[in-house]
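So this one's protein.pdb, PDB, C-alpha atoms, pLDDT in the B column:
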```pdb
ATOM      1  CA  MET Z   1      98.169 140.024 210.145  1.00 39.00           C
ATOM      2  CA  LYS Z   2      98.203 136.754 212.016  1.00 46.00           C
ATOM      3  CA  ASN Z   3     101.207 134.465 212.140  1.00 43.00           C
ATOM      4  CA  ARG Z   4     100.536 131.140 210.400  1.00 48.00           C
ATOM      5  CA  LYS Z   5     104.012 129.598 210.554  1.00 50.00           C
ATOM      6  CA  ARG Z   6     103.773 126.011 211.714  1.00 51.00           C
ATOM      7  CA  GLY Z   7     107.296 125.235 212.852  1.00 57.00           C
ATOM      8  CA  LEU Z   8     107.578 121.449 213.174  1.00 57.00           C
ATOM      9  CA  LEU Z   9     103.810 120.936 213.013  1.00 69.00           C
ATOM     10  CA  PRO Z  10     102.228 119.661 209.779  1.00 77.00           C
ATOM     11  CA  ASP Z  11     100.698 122.305 207.541  1.00 83.00           C
ATOM     12  CA  THR Z  12      97.074 121.228 207.106  1.00 83.00           C
ATOM     13  CA  PHE Z  13      95.556 124.497 205.922  1.00 88.00           C
ATOM     14  CA  GLY Z  14      97.963 126.006 203.386  1.00 89.00           C
ATOM     15  CA  ALA Z  15     100.014 128.149 205.753  1.00 89.00           C
ATOM     16  CA  TYR Z  16     102.916 128.296 203.301  1.00 92.00           C
ATOM     17  CA  VAL Z  17     100.622 129.760 200.638  1.00 94.00           C
ATOM     18  CA  ILE Z  18      99.046 132.512 202.759  1.00 93.00           C
ATOM     19  CA  ASN Z  19     101.823 133.196 205.244  1.00 89.00           C
ATOM     20  CA  ASN Z  20     102.242 136.798 204.055  1.00 90.00           C
ATOM     21  CA  VAL Z  21      98.580 137.405 203.232  1.00 94.00           C
ATOM     22  CA  LEU Z  22      96.254 139.550 205.324  1.00 95.00           C
ATOM     23  CA  VAL Z  23      93.203 137.834 206.768  1.00 95.00           C
ATOM     24  CA  ALA Z  24      89.874 139.370 207.689  1.00 95.00           C
ATOM     25  CA  GLY Z  25      86.651 138.638 209.519  1.00 94.00           C
ATOM     26  CA  LYS Z  26      85.578 136.198 212.178  1.00 94.00           C
ATOM     27  CA  TYR Z  27      86.917 133.216 210.240  1.00 95.00           C
ATOM     28  CA  ASP Z  28      90.302 134.636 209.132  1.00 95.00           C
ATOM     29  CA  MET Z  29      89.507 134.616 205.432  1.00 96.00           C
ATOM     30  CA  PRO Z  30      92.497 135.511 203.240  1.00 96.00           C
ATOM     31  CA  VAL Z  31      92.086 138.977 201.721  1.00 97.00           C
ATOM     32  CA  ILE Z  32      91.952 139.223 197.934  1.00 97.00           C
ATOM     33  CA  GLY Z  33      90.879 141.807 195.376  1.00 98.00           C
ATOM     34  CA  TYR Z  34      91.351 143.032 191.825  1.00 98.00           C
ATOM     35  CA  PHE Z  35      91.293 146.718 190.889  1.00 98.00           C
ATOM     36  CA  GLY Z  36      92.734 146.744 187.375  1.00 96.00           C
ATOM     37  CA  TYR Z  37      91.223 148.376 184.302  1.00 94.00           C
ATOM     38  CA  ASP Z  38      91.585 145.291 182.112  1.00 97.00           C
ATOM     39  CA  LEU Z  39      88.546 143.038 182.405  1.00 98.00           C
ATOM     40  CA  PRO Z  40      87.942 139.500 181.155  1.00 98.00           C
ATOM     41  CA  ASP Z  41      86.342 139.302 177.717  1.00 97.00           C
ATOM     42  CA  TYR Z  42      85.924 135.511 177.690  1.00 97.00           C
ATOM     43  CA  LEU Z  43      85.154 133.039 180.483  1.00 97.00           C
ATOM     44  CA  ALA Z  44      86.656 129.574 180.023  1.00 97.00           C
ATOM     45  CA  LEU Z  45      85.367 126.707 182.152  1.00 97.00           C
ATOM     46  CA  TYR Z  46      87.966 124.823 184.174  1.00 97.00           C
ATOM     47  CA  THR Z  47      87.562 121.636 182.139  1.00 96.00           C
ATOM     48  CA  ASP Z  48      87.910 123.472 178.801  1.00 97.00           C
ATOM     49  CA  ILE Z  49      91.693 123.740 178.799  1.00 97.00           C
ATOM     50  CA  GLN Z  50      91.696 124.508 175.069  1.00 97.00           C
ATOM     51  CA  ASP Z  51      89.921 127.805 175.843  1.00 97.00           C
ATOM     52  CA  TYR Z  52      92.254 129.067 178.590  1.00 98.00           C
ATOM     53  CA  ARG Z  53      94.019 131.419 176.173  1.00 97.00           C
ATOM     54  CA  LYS Z  54      91.173 132.015 173.746  1.00 96.00           C
ATOM     55  CA  THR Z  55      91.645 135.775 174.048  1.00 97.00           C
ATOM     56  CA  LYS Z  56      94.253 138.015 175.653  1.00 96.00           C
ATOM     57  CA  ASN Z  57      91.944 138.618 178.623  1.00 97.00           C
ATOM     58  CA  THR Z  58      90.386 135.183 179.050  1.00 98.00           C
ATOM     59  CA  CYS Z  59      89.442 134.269 182.630  1.00 98.00           C
ATOM     60  CA  VAL Z  60      89.285 130.666 183.827  1.00 98.00           C
ATOM     61  CA  VAL Z  61      86.210 130.027 185.994  1.00 98.00           C
ATOM     62  CA  PHE Z  62      85.198 127.026 188.085  1.00 98.00           C
ATOM     63  CA  TYR Z  63      81.421 127.182 187.563  1.00 96.00           C
ATOM     64  CA  GLN Z  64      80.966 123.418 187.343  1.00 95.00           C
ATOM     65  CA  TYR Z  65      80.218 120.560 189.713  1.00 93.00           C
ATOM     66  CA  ASP Z  66      82.842 120.377 192.456  1.00 94.00           C
ATOM     67  CA  GLU Z  67      84.000 116.895 191.493  1.00 94.00           C
ATOM     68  CA  GLN Z  68      85.221 118.240 188.157  1.00 93.00           C
ATOM     69  CA  PHE Z  69      87.927 120.310 189.872  1.00 94.00           C
ATOM     70  CA  ASP Z  70      88.076 118.884 193.383  1.00 94.00           C
ATOM     71  CA  SER Z  71      89.022 115.240 192.903  1.00 92.00           C
ATOM     72  CA  ILE Z  72      91.641 113.435 194.971  1.00 94.00           C
ATOM     73  CA  ASN Z  73      94.156 114.917 192.516  1.00 95.00           C
ATOM     74  CA  GLY Z  74      92.565 118.355 192.588  1.00 95.00           C
ATOM     75  CA  LEU Z  75      94.423 121.572 193.292  1.00 96.00           C
ATOM     76  CA  TRP Z  76      93.472 121.795 196.962  1.00 96.00           C
ATOM     77  CA  ASN Z  77      94.842 118.346 197.816  1.00 95.00           C
ATOM     78  CA  ALA Z  78      97.933 118.937 195.702  1.00 96.00           C
ATOM     79  CA  ILE Z  79      98.617 122.214 197.537  1.00 95.00           C
ATOM     80  CA  ILE Z  80      97.963 120.940 201.056  1.00 93.00           C
ATOM     81  CA  HIS Z  81      99.929 117.715 200.617  1.00 93.00           C
ATOM     82  CA  LYS Z  82     102.630 119.403 198.510  1.00 93.00           C
ATOM     83  CA  LYS Z  83     102.371 116.855 195.713  1.00 95.00           C
ATOM     84  CA  GLU Z  84     105.164 118.341 193.633  1.00 96.00           C
ATOM     85  CA  LYS Z  85     104.507 116.286 190.496  1.00 97.00           C
ATOM     86  CA  LEU Z  86     100.857 117.346 190.463  1.00 97.00           C
ATOM     87  CA  LEU Z  87     101.699 120.936 191.263  1.00 97.00           C
ATOM     88  CA  SER Z  88     104.118 121.008 188.331  1.00 98.00           C
ATOM     89  CA  GLN Z  89     101.307 119.819 186.083  1.00 98.00           C
ATOM     90  CA  TYR Z  90      99.029 122.575 187.358  1.00 98.00           C
ATOM     91  CA  LYS Z  91     101.739 125.173 186.843  1.00 98.00           C
ATOM     92  CA  GLN Z  92     101.985 124.058 183.234  1.00 98.00           C
ATOM     93  CA  ARG Z  93      98.185 124.014 182.890  1.00 98.00           C
ATOM     94  CA  PHE Z  94      97.846 127.633 184.045  1.00 98.00           C
ATOM     95  CA  LYS Z  95     101.010 128.950 182.407  1.00 97.00           C
ATOM     96  CA  ASP Z  96     100.383 132.321 180.718  1.00 96.00           C
ATOM     97  CA  VAL Z  97      96.726 132.378 181.817  1.00 97.00           C
ATOM     98  CA  LYS Z  98      95.946 136.017 182.596  1.00 97.00           C
ATOM     99  CA  PHE Z  99      92.851 135.828 184.829  1.00 98.00           C
ATOM    100  CA  VAL Z 100      91.500 133.164 187.165  1.00 98.00           C
ATOM    101  CA  CYS Z 101      88.350 133.465 189.251  1.00 98.00           C
ATOM    102  CA  CYS Z 102      88.520 131.905 192.718  1.00 98.00           C
ATOM    103  CA  PRO Z 103      87.214 128.313 192.610  1.00 97.00           C
ATOM    104  CA  ASP Z 104      83.480 128.049 193.170  1.00 97.00           C
ATOM    105  CA  TYR Z 105      83.302 125.349 195.845  1.00 96.00           C
ATOM    106  CA  SER Z 106      79.696 124.643 196.805  1.00 95.00           C
ATOM    107  CA  ILE Z 107      78.079 126.337 199.792  1.00 93.00           C
ATOM    108  CA  THR Z 108      74.568 124.976 199.401  1.00 89.00           C
ATOM    109  CA  GLY Z 109      72.054 125.621 202.162  1.00 84.00           C
ATOM    110  CA  ASP Z 110      71.784 121.947 203.096  1.00 89.00           C
ATOM    111  CA  MET Z 111      75.534 121.649 203.784  1.00 91.00           C
ATOM    112  CA  PRO Z 112      76.830 121.907 207.363  1.00 94.00           C
ATOM    113  CA  LEU Z 113      77.810 125.499 208.088  1.00 94.00           C
ATOM    114  CA  ALA Z 114      81.347 124.386 208.959  1.00 95.00           C
ATOM    115  CA  MET Z 115      81.761 122.914 205.459  1.00 96.00           C
ATOM    116  CA  GLN Z 116      80.410 126.057 203.809  1.00 96.00           C
ATOM    117  CA  ILE Z 117      82.927 128.243 205.649  1.00 97.00           C
ATOM    118  CA  PHE Z 118      85.746 125.813 204.848  1.00 96.00           C
ATOM    119  CA  ASN Z 119      84.830 125.842 201.162  1.00 96.00           C
ATOM    120  CA  VAL Z 120      85.101 129.624 201.000  1.00 97.00           C
ATOM    121  CA  TYR Z 121      88.443 129.491 202.823  1.00 97.00           C
ATOM    122  CA  ARG Z 122      90.011 126.894 200.549  1.00 96.00           C
ATOM    123  CA  SER Z 123      88.719 128.709 197.475  1.00 97.00           C
ATOM    124  CA  ARG Z 124      90.817 131.679 198.544  1.00 96.00           C
ATOM    125  CA  VAL Z 125      93.896 129.552 199.297  1.00 97.00           C
ATOM    126  CA  VAL Z 126      93.790 127.865 195.895  1.00 97.00           C
ATOM    127  CA  ALA Z 127      93.379 131.225 194.164  1.00 97.00           C
ATOM    128  CA  ILE Z 128      96.321 132.714 196.037  1.00 98.00           C
ATOM    129  CA  TRP Z 129      98.459 129.704 195.077  1.00 97.00           C
ATOM    130  CA  LEU Z 130      97.554 130.337 191.429  1.00 98.00           C
ATOM    131  CA  ARG Z 131      98.623 133.948 191.850  1.00 98.00           C
ATOM    132  CA  GLU Z 132     101.858 133.267 193.707  1.00 97.00           C
ATOM    133  CA  PHE Z 133     103.048 130.178 191.833  1.00 97.00           C
ATOM    134  CA  CYS Z 134     101.502 130.588 188.373  1.00 97.00           C
ATOM    135  CA  GLY Z 135     101.444 134.370 188.011  1.00 97.00           C
ATOM    136  CA  CYS Z 136      97.702 134.556 187.372  1.00 98.00           C
ATOM    137  CA  THR Z 137      95.652 137.614 188.269  1.00 98.00           C
ATOM    138  CA  ILE Z 138      92.891 136.396 190.565  1.00 98.00           C
ATOM    139  CA  ILE Z 139      89.374 137.786 190.783  1.00 98.00           C
ATOM    140  CA  PRO Z 140      87.235 137.105 193.887  1.00 98.00           C
ATOM    141  CA  ASN Z 141      84.264 134.819 193.424  1.00 98.00           C
ATOM    142  CA  LEU Z 142      80.956 136.041 194.828  1.00 97.00           C
ATOM    143  CA  ARG Z 143      78.862 133.180 196.189  1.00 95.00           C
ATOM    144  CA  PHE Z 144      76.017 133.268 198.707  1.00 95.00           C
ATOM    145  CA  ASN Z 145      72.950 131.120 199.337  1.00 90.00           C
ATOM    146  CA  ASN Z 146      70.844 132.626 202.129  1.00 88.00           C
ATOM    147  CA  GLN Z 147      71.169 135.091 204.987  1.00 91.00           C
ATOM    148  CA  LYS Z 148      73.340 132.702 207.015  1.00 91.00           C
ATOM    149  CA  SER Z 149      76.003 132.803 204.319  1.00 95.00           C
ATOM    150  CA  TYR Z 150      76.330 136.592 204.656  1.00 96.00           C
ATOM    151  CA  GLU Z 151      78.175 135.953 207.934  1.00 95.00           C
ATOM    152  CA  TYR Z 152      81.244 134.640 206.094  1.00 96.00           C
ATOM    153  CA  CYS Z 153      80.956 134.819 202.301  1.00 96.00           C
ATOM    154  CA  PHE Z 154      82.017 138.474 201.959  1.00 97.00           C
ATOM    155  CA  ASP Z 155      84.918 138.288 204.424  1.00 97.00           C
ATOM    156  CA  GLY Z 156      88.248 138.917 202.740  1.00 96.00           C
ATOM    157  CA  ILE Z 157      86.843 140.347 199.495  1.00 98.00           C
ATOM    158  CA  ALA Z 158      88.370 143.789 199.217  1.00 98.00           C
ATOM    159  CA  TYR Z 159      86.058 146.797 199.128  1.00 98.00           C
ATOM    160  CA  LYS Z 160      85.312 147.992 195.569  1.00 98.00           C
ATOM    161  CA  SER Z 161      87.086 145.006 194.022  1.00 98.00           C
ATOM    162  CA  VAL Z 162      86.043 143.522 190.704  1.00 98.00           C
ATOM    163  CA  VAL Z 163      84.181 140.253 191.434  1.00 98.00           C
ATOM    164  CA  CYS Z 164      82.769 137.318 189.482  1.00 98.00           C
ATOM    165  CA  LEU Z 165      79.291 135.842 189.953  1.00 98.00           C
ATOM    166  CA  SER Z 166      77.565 132.833 188.426  1.00 97.00           C
ATOM    167  CA  ILE Z 167      73.791 132.938 187.976  1.00 96.00           C
ATOM    168  CA  LEU Z 168      73.796 129.637 186.100  1.00 93.00           C
ATOM    169  CA  GLY Z 169      70.760 127.592 187.159  1.00 90.00           C
ATOM    170  CA  LEU Z 170      69.560 130.293 189.550  1.00 91.00           C
ATOM    171  CA  CYS Z 171      67.002 132.069 187.390  1.00 90.00           C
ATOM    172  CA  SER Z 172      64.225 129.531 186.873  1.00 88.00           C
ATOM    173  CA  LYS Z 173      62.607 129.538 190.339  1.00 92.00           C
ATOM    174  CA  PRO Z 174      61.240 132.746 191.905  1.00 93.00           C
ATOM    175  CA  ILE Z 175      62.885 131.903 195.237  1.00 93.00           C
ATOM    176  CA  ASP Z 176      66.313 131.616 193.559  1.00 93.00           C
ATOM    177  CA  VAL Z 177      65.840 134.934 191.760  1.00 95.00           C
ATOM    178  CA  GLN Z 178      64.880 136.578 195.043  1.00 95.00           C
ATOM    179  CA  ASN Z 179      67.918 135.066 196.770  1.00 95.00           C
ATOM    180  CA  LEU Z 180      70.109 136.617 194.064  1.00 97.00           C
ATOM    181  CA  ILE Z 181      68.453 140.000 194.532  1.00 97.00           C
ATOM    182  CA  ASN Z 182      68.836 139.775 198.316  1.00 97.00           C
ATOM    183  CA  GLY Z 183      72.451 138.651 198.057  1.00 97.00           C
ATOM    184  CA  LEU Z 184      73.354 141.444 195.660  1.00 98.00           C
ATOM    185  CA  HIS Z 185      71.719 143.968 197.994  1.00 98.00           C
ATOM    186  CA  GLU Z 186      73.966 142.695 200.784  1.00 98.00           C
ATOM    187  CA  THR Z 187      76.930 142.744 198.407  1.00 98.00           C
ATOM    188  CA  ILE Z 188      76.426 146.453 197.765  1.00 98.00           C
ATOM    189  CA  ILE Z 189      76.242 147.172 201.486  1.00 97.00           C
ATOM    190  CA  ARG Z 190      79.300 145.133 202.464  1.00 97.00           C
ATOM    191  CA  ILE Z 191      81.827 145.363 199.627  1.00 98.00           C
ATOM    192  CA  ARG Z 192      80.294 147.594 196.917  1.00 98.00           C
ATOM    193  CA  PRO Z 193      82.176 146.014 193.985  1.00 98.00           C
ATOM    194  CA  SER Z 194      83.259 148.238 191.136  1.00 98.00           C
ATOM    195  CA  THR Z 195      82.377 145.589 188.541  1.00 98.00           C
ATOM    196  CA  ILE Z 196      80.490 142.291 188.590  1.00 98.00           C
ATOM    197  CA  ILE Z 197      81.511 139.832 185.885  1.00 98.00           C
ATOM    198  CA  VAL Z 198      78.529 137.571 185.246  1.00 97.00           C
ATOM    199  CA  PHE Z 199      78.527 133.955 184.070  1.00 96.00           C
ATOM    200  CA  GLY Z 200      75.199 132.391 183.121  1.00 92.00           C
ATOM    201  CA  GLU Z 201      72.200 133.691 181.220  1.00 87.00           C
ATOM    202  CA  CYS Z 202      68.506 134.304 181.713  1.00 87.00           C
ATOM    203  CA  THR Z 203      65.774 136.342 180.047  1.00 88.00           C
ATOM    204  CA  GLU Z 204      66.436 140.062 179.795  1.00 89.00           C
ATOM    205  CA  GLU Z 205      63.421 140.714 182.012  1.00 92.00           C
ATOM    206  CA  LYS Z 206      64.856 138.591 184.834  1.00 92.00           C
ATOM    207  CA  TYR Z 207      68.354 139.907 184.228  1.00 92.00           C
ATOM    208  CA  ASN Z 208      67.196 143.506 184.613  1.00 94.00           C
ATOM    209  CA  LYS Z 209      65.271 142.588 187.749  1.00 96.00           C
ATOM    210  CA  ILE Z 210      68.237 140.790 189.345  1.00 97.00           C
ATOM    211  CA  PHE Z 211      70.785 143.540 188.672  1.00 98.00           C
ATOM    212  CA  LYS Z 212      68.561 146.611 188.968  1.00 98.00           C
ATOM    213  CA  GLU Z 213      69.948 147.758 192.328  1.00 98.00           C
ATOM    214  CA  CYS Z 214      73.519 147.228 191.143  1.00 98.00           C
ATOM    215  CA  LEU Z 215      72.927 149.305 188.029  1.00 97.00           C
ATOM    216  CA  ASP Z 216      71.143 151.976 190.070  1.00 98.00           C
ATOM    217  CA  ASN Z 217      74.312 152.186 192.201  1.00 98.00           C
ATOM    218  CA  ASN Z 218      76.559 152.581 189.149  1.00 97.00           C
ATOM    219  CA  ILE Z 219      78.115 149.142 189.510  1.00 98.00           C
ATOM    220  CA  ASN Z 220      79.478 147.970 186.173  1.00 98.00           C
ATOM    221  CA  ILE Z 221      77.925 144.677 185.007  1.00 97.00           C
ATOM    222  CA  VAL Z 222      79.962 142.757 182.423  1.00 97.00           C
ATOM    223  CA  ARG Z 223      78.763 139.673 180.549  1.00 95.00           C
ATOM    224  CA  PRO Z 224      81.776 138.191 178.718  1.00 96.00           C
ATOM    225  CA  ASP Z 225      81.399 135.585 176.016  1.00 93.00           C
ATOM    226  CA  ASN Z 226      81.476 131.945 177.108  1.00 91.00           C
ATOM    227  CA  ARG Z 227      80.081 128.605 176.034  1.00 85.00           C
ATOM    228  CA  ASN Z 228      76.879 129.027 178.053  1.00 77.00           C
ATOM    229  CA  LYS Z 229      76.262 132.396 176.420  1.00 75.00           C
ATOM    230  CA  ASP Z 230      76.827 130.846 172.987  1.00 70.00           C
ATOM    231  CA  PHE Z 231      74.129 128.263 173.813  1.00 67.00           C
ATOM    232  CA  TRP Z 232      71.668 130.982 174.799  1.00 62.00           C
ATOM    233  CA  ARG Z 233      72.529 133.064 171.750  1.00 65.00           C
ATOM    234  CA  ASN Z 234      71.929 130.120 169.419  1.00 67.00           C
ATOM    235  CA  ASN Z 235      68.744 128.912 171.116  1.00 69.00           C
ATOM    236  CA  TYR Z 236      67.120 132.031 172.557  1.00 65.00           C
ATOM    237  CA  GLY Z 237      68.491 134.831 170.422  1.00 60.00           C
ATOM    238  CA  ILE Z 238      70.227 136.929 173.100  1.00 58.00           C
ATOM    239  CA  THR Z 239      72.443 139.624 171.664  1.00 51.00           C
ATOM    240  CA  LYS Z 240      74.228 141.168 174.677  1.00 55.00           C
TER     241      LYS Z 240
END
```
In structure tokens, what does this structure look like?
Amino acid sequence: MKNRKRGLLPDTFGAYVINNVLVAGKYDMPVIGYFGYDLPDYLALYTDIQDYRKTKNTCVVFYQYDEQFDSINGLWNAIIHKKEKLLSQYKQRFKDVKFVCCPDYSITGDMPLAMQIFNVYRSRVVAIWLREFCGCTIIPNLRFNNQKSYEYCFDGIAYKSVVCLSILGLCSKPIDVQNLINGLHETIIRIRPSTIIVFGECTEEKYNKIFKECLDNNINIVRPDNRNKDFWRNNYGITK
């Protein structure tokens, strides 16, 4: 464990949040994981506050455009700048929420690599704050784009942890489907999750193709209810 106490220096990276947290990998990613038997049965989007407690095991996910959860008054800025009034509001917002998936900050292939790495880091810091200050159980978010992202995106996710993954918008183009297949192959090699909780829908044919290797390796794939799934159910007749 590395010492992140700042003394008289300003805390610009959330040292007070992760001071007692193990870090891993080349980029000192905070270590997180979930190994419980209870699994989310509903996924509520960050902006849908009315759904945060829809079921006993609802999980709040951040699978939306970054600006919807990363504004100037977003959690990251509130944490780093210790904006106590804002932080109090967030504590109230997440009060009695059981599960939260780590925020899904973008790591698109056209972003500078430094920004991609930073976005994974701050996702972990925000999640740990939600655990330590709001009592939420956090689930690692699995996000990759291409082979370059494998260098950092798995660091800090505990081996055999439960993880969340969004496939929303990643099933229409063959190259995106192949990137998912490649990324999941690497996921099995590096962290071998016990369960993958999936947000987003596609045809059953594509779904079976994307997750075939996971299923062949006895990795549990869970598809909780959510608003996106309701849309697919109503318009395309999915039943799972």
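Protein and nucleic acid residues near (77.3, 132.7, 198.5) are Ser106, Ile107, Thr108, Val120, Asn141, Leu142, Arg143, Phe144, Asn145, Asn146, Ser149, Tyr150, Tyr152, Cys153, Phe154 and Gly183 of chain Z, the criterion being any atom at most 9 Å away using all atoms listed in the file.
With distances restricted to only C-alpha atoms, Z:Glu213 is the closest residue to Leu180 in chain Z from Z:Glu151, Z:Glu213, Z:Asp11, Z:Asp66.
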Evaluate the PyMOL selection byres ((chain Z and resi 45-56) around 10) here and jot the selected residues down as a list in words.
Pro40, Asp41, Tyr42, Leu43, Ala44, Asn57, Thr58, Cys59, Val60, Val61, Phe62, Tyr63, Gln64, Gln68, Phe69, Arg93, Phe94, Lys95, Asp96, Val97, Lys98, Phe99, Val100, Pro103, Asn226, Arg227 and Asn228 of chain Z
May I have the residues from that selection written out with C-alpha atoms, as a PDB file, keeping the file's coordinate frame?
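Result went into part01.pdb, see below:
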```
ATOM      1  CA  PRO Z  40      87.942 139.500 181.155  1.00 98.00           C
ATOM      2  CA  ASP Z  41      86.342 139.302 177.717  1.00 97.00           C
ATOM      3  CA  TYR Z  42      85.924 135.511 177.690  1.00 97.00           C
ATOM      4  CA  LEU Z  43      85.154 133.039 180.483  1.00 97.00           C
ATOM      5  CA  ALA Z  44      86.656 129.574 180.023  1.00 97.00           C
ATOM      6  CA  ASN Z  57      91.944 138.618 178.623  1.00 97.00           C
ATOM      7  CA  THR Z  58      90.386 135.183 179.050  1.00 98.00           C
ATOM      8  CA  CYS Z  59      89.442 134.269 182.630  1.00 98.00           C
ATOM      9  CA  VAL Z  60      89.285 130.666 183.827  1.00 98.00           C
ATOM     10  CA  VAL Z  61      86.210 130.027 185.994  1.00 98.00           C
ATOM     11  CA  PHE Z  62      85.198 127.026 188.085  1.00 98.00           C
ATOM     12  CA  TYR Z  63      81.421 127.182 187.563  1.00 96.00           C
ATOM     13  CA  GLN Z  64      80.966 123.418 187.343  1.00 95.00           C
ATOM     14  CA  GLN Z  68      85.221 118.240 188.157  1.00 93.00           C
ATOM     15  CA  PHE Z  69      87.927 120.310 189.872  1.00 94.00           C
ATOM     16  CA  ARG Z  93      98.185 124.014 182.890  1.00 98.00           C
ATOM     17  CA  PHE Z  94      97.846 127.633 184.045  1.00 98.00           C
ATOM     18  CA  LYS Z  95     101.010 128.950 182.407  1.00 97.00           C
ATOM     19  CA  ASP Z  96     100.383 132.321 180.718  1.00 96.00           C
ATOM     20  CA  VAL Z  97      96.726 132.378 181.817  1.00 97.00           C
ATOM     21  CA  LYS Z  98      95.946 136.017 182.596  1.00 97.00           C
ATOM     22  CA  PHE Z  99      92.851 135.828 184.829  1.00 98.00           C
ATOM     23  CA  VAL Z 100      91.500 133.164 187.165  1.00 98.00           C
ATOM     24  CA  PRO Z 103      87.214 128.313 192.610  1.00 97.00           C
ATOM     25  CA  ASN Z 226      81.476 131.945 177.108  1.00 91.00           C
ATOM     26  CA  ARG Z 227      80.081 128.605 176.034  1.00 85.00           C
ATOM     27  CA  ASN Z 228      76.879 129.027 178.053  1.00 77.00           C
TER      28      ASN Z 228
END
```
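When the PyMOL selection byres ((chain Z and resi 214) around 10) is run on the displayed coordinates, the residues it returns are Ile181, Leu184, His185, Thr187, Ile188, Arg192, Pro193, Ser194, Thr195, Ile196, Asn208, Ile210, Phe211, Lys212, Glu213, Leu215, Asp216, Asn217, Asn218, Ile219, Asn220 and Ile221 of chain Z.
Counting all atoms listed in the file, the residue from Z:Ala24, Z:Cys136, Z:Ala114, Z:Asp104 that sits nearest to Glu67 in chain Z is Z:Asp104.
With only C-alpha atoms taken into account, the protein and nucleic acid residues at most 12 Å from Ala78 in chain Z (excluding it and anything under 3 positions from it in its own chain) are Thr12, Phe13, Gly14, Phe69, Asp70, Ser71, Ile72, Asn73, Gly74, Leu75, His81, Lys82, Lys83, Glu84, Lys85, Leu86, Leu87, Ser88, Gln89, Tyr90, Lys91, Val125, Val126 and Trp129 of chain Z.
Counting from CA of Asn119 in chain Z, the distance to CA of Tyr105 in chain Z is 5.6 Å.
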Residues selected by the PyMOL selection byres ((chain Z and resi 156) around 12), written as a PyMOL selection string
chain Z and resi 21-33+120-121+123-125+140-142+151-155+157-161+190-191
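Distances to Asp225 in chain Z were evaluated for Z:Cys101, Z:Met115, Z:Val198, Z:Glu205 using all atoms listed in the file, and the minimum falls at Z:Val198.
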Using the file's own x, y and z axes, what box holds all listed atoms of range 71-83 of chain Z with 6 Å on each side, keeping edges along x, y and z, and what are its centre and edge lengths in Å to one decimal, as AutoDock Vina command-line options?
```
--center_x 95.8 --center_y 117.8 --center_z 196.8 --size_x 25.6 --size_y 20.8 --size_z 20.5
```
Any idea what's packed within 6 Å of range 166-171 of chain Z, counting all atoms listed in the file, ignoring anything in its chain fewer than 3 positions away? Could you give it as a PyMOL selection string?
chain Z and resi 176-177+198-200
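Distances to Asn77 in chain Z were evaluated for Z:Arg122, Z:Glu201, Z:Lys148, Z:Ala15 using all atoms listed in the file, and the minimum falls at Z:Arg122.
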By how many Å are CA of Phe35 in chain Z and CA of Val222 in chain Z apart?
14.7 Å
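CA of Leu39 in chain Z to CA of Tyr207 in chain Z spans 20.5 Å [interatomic distance, one decimal].
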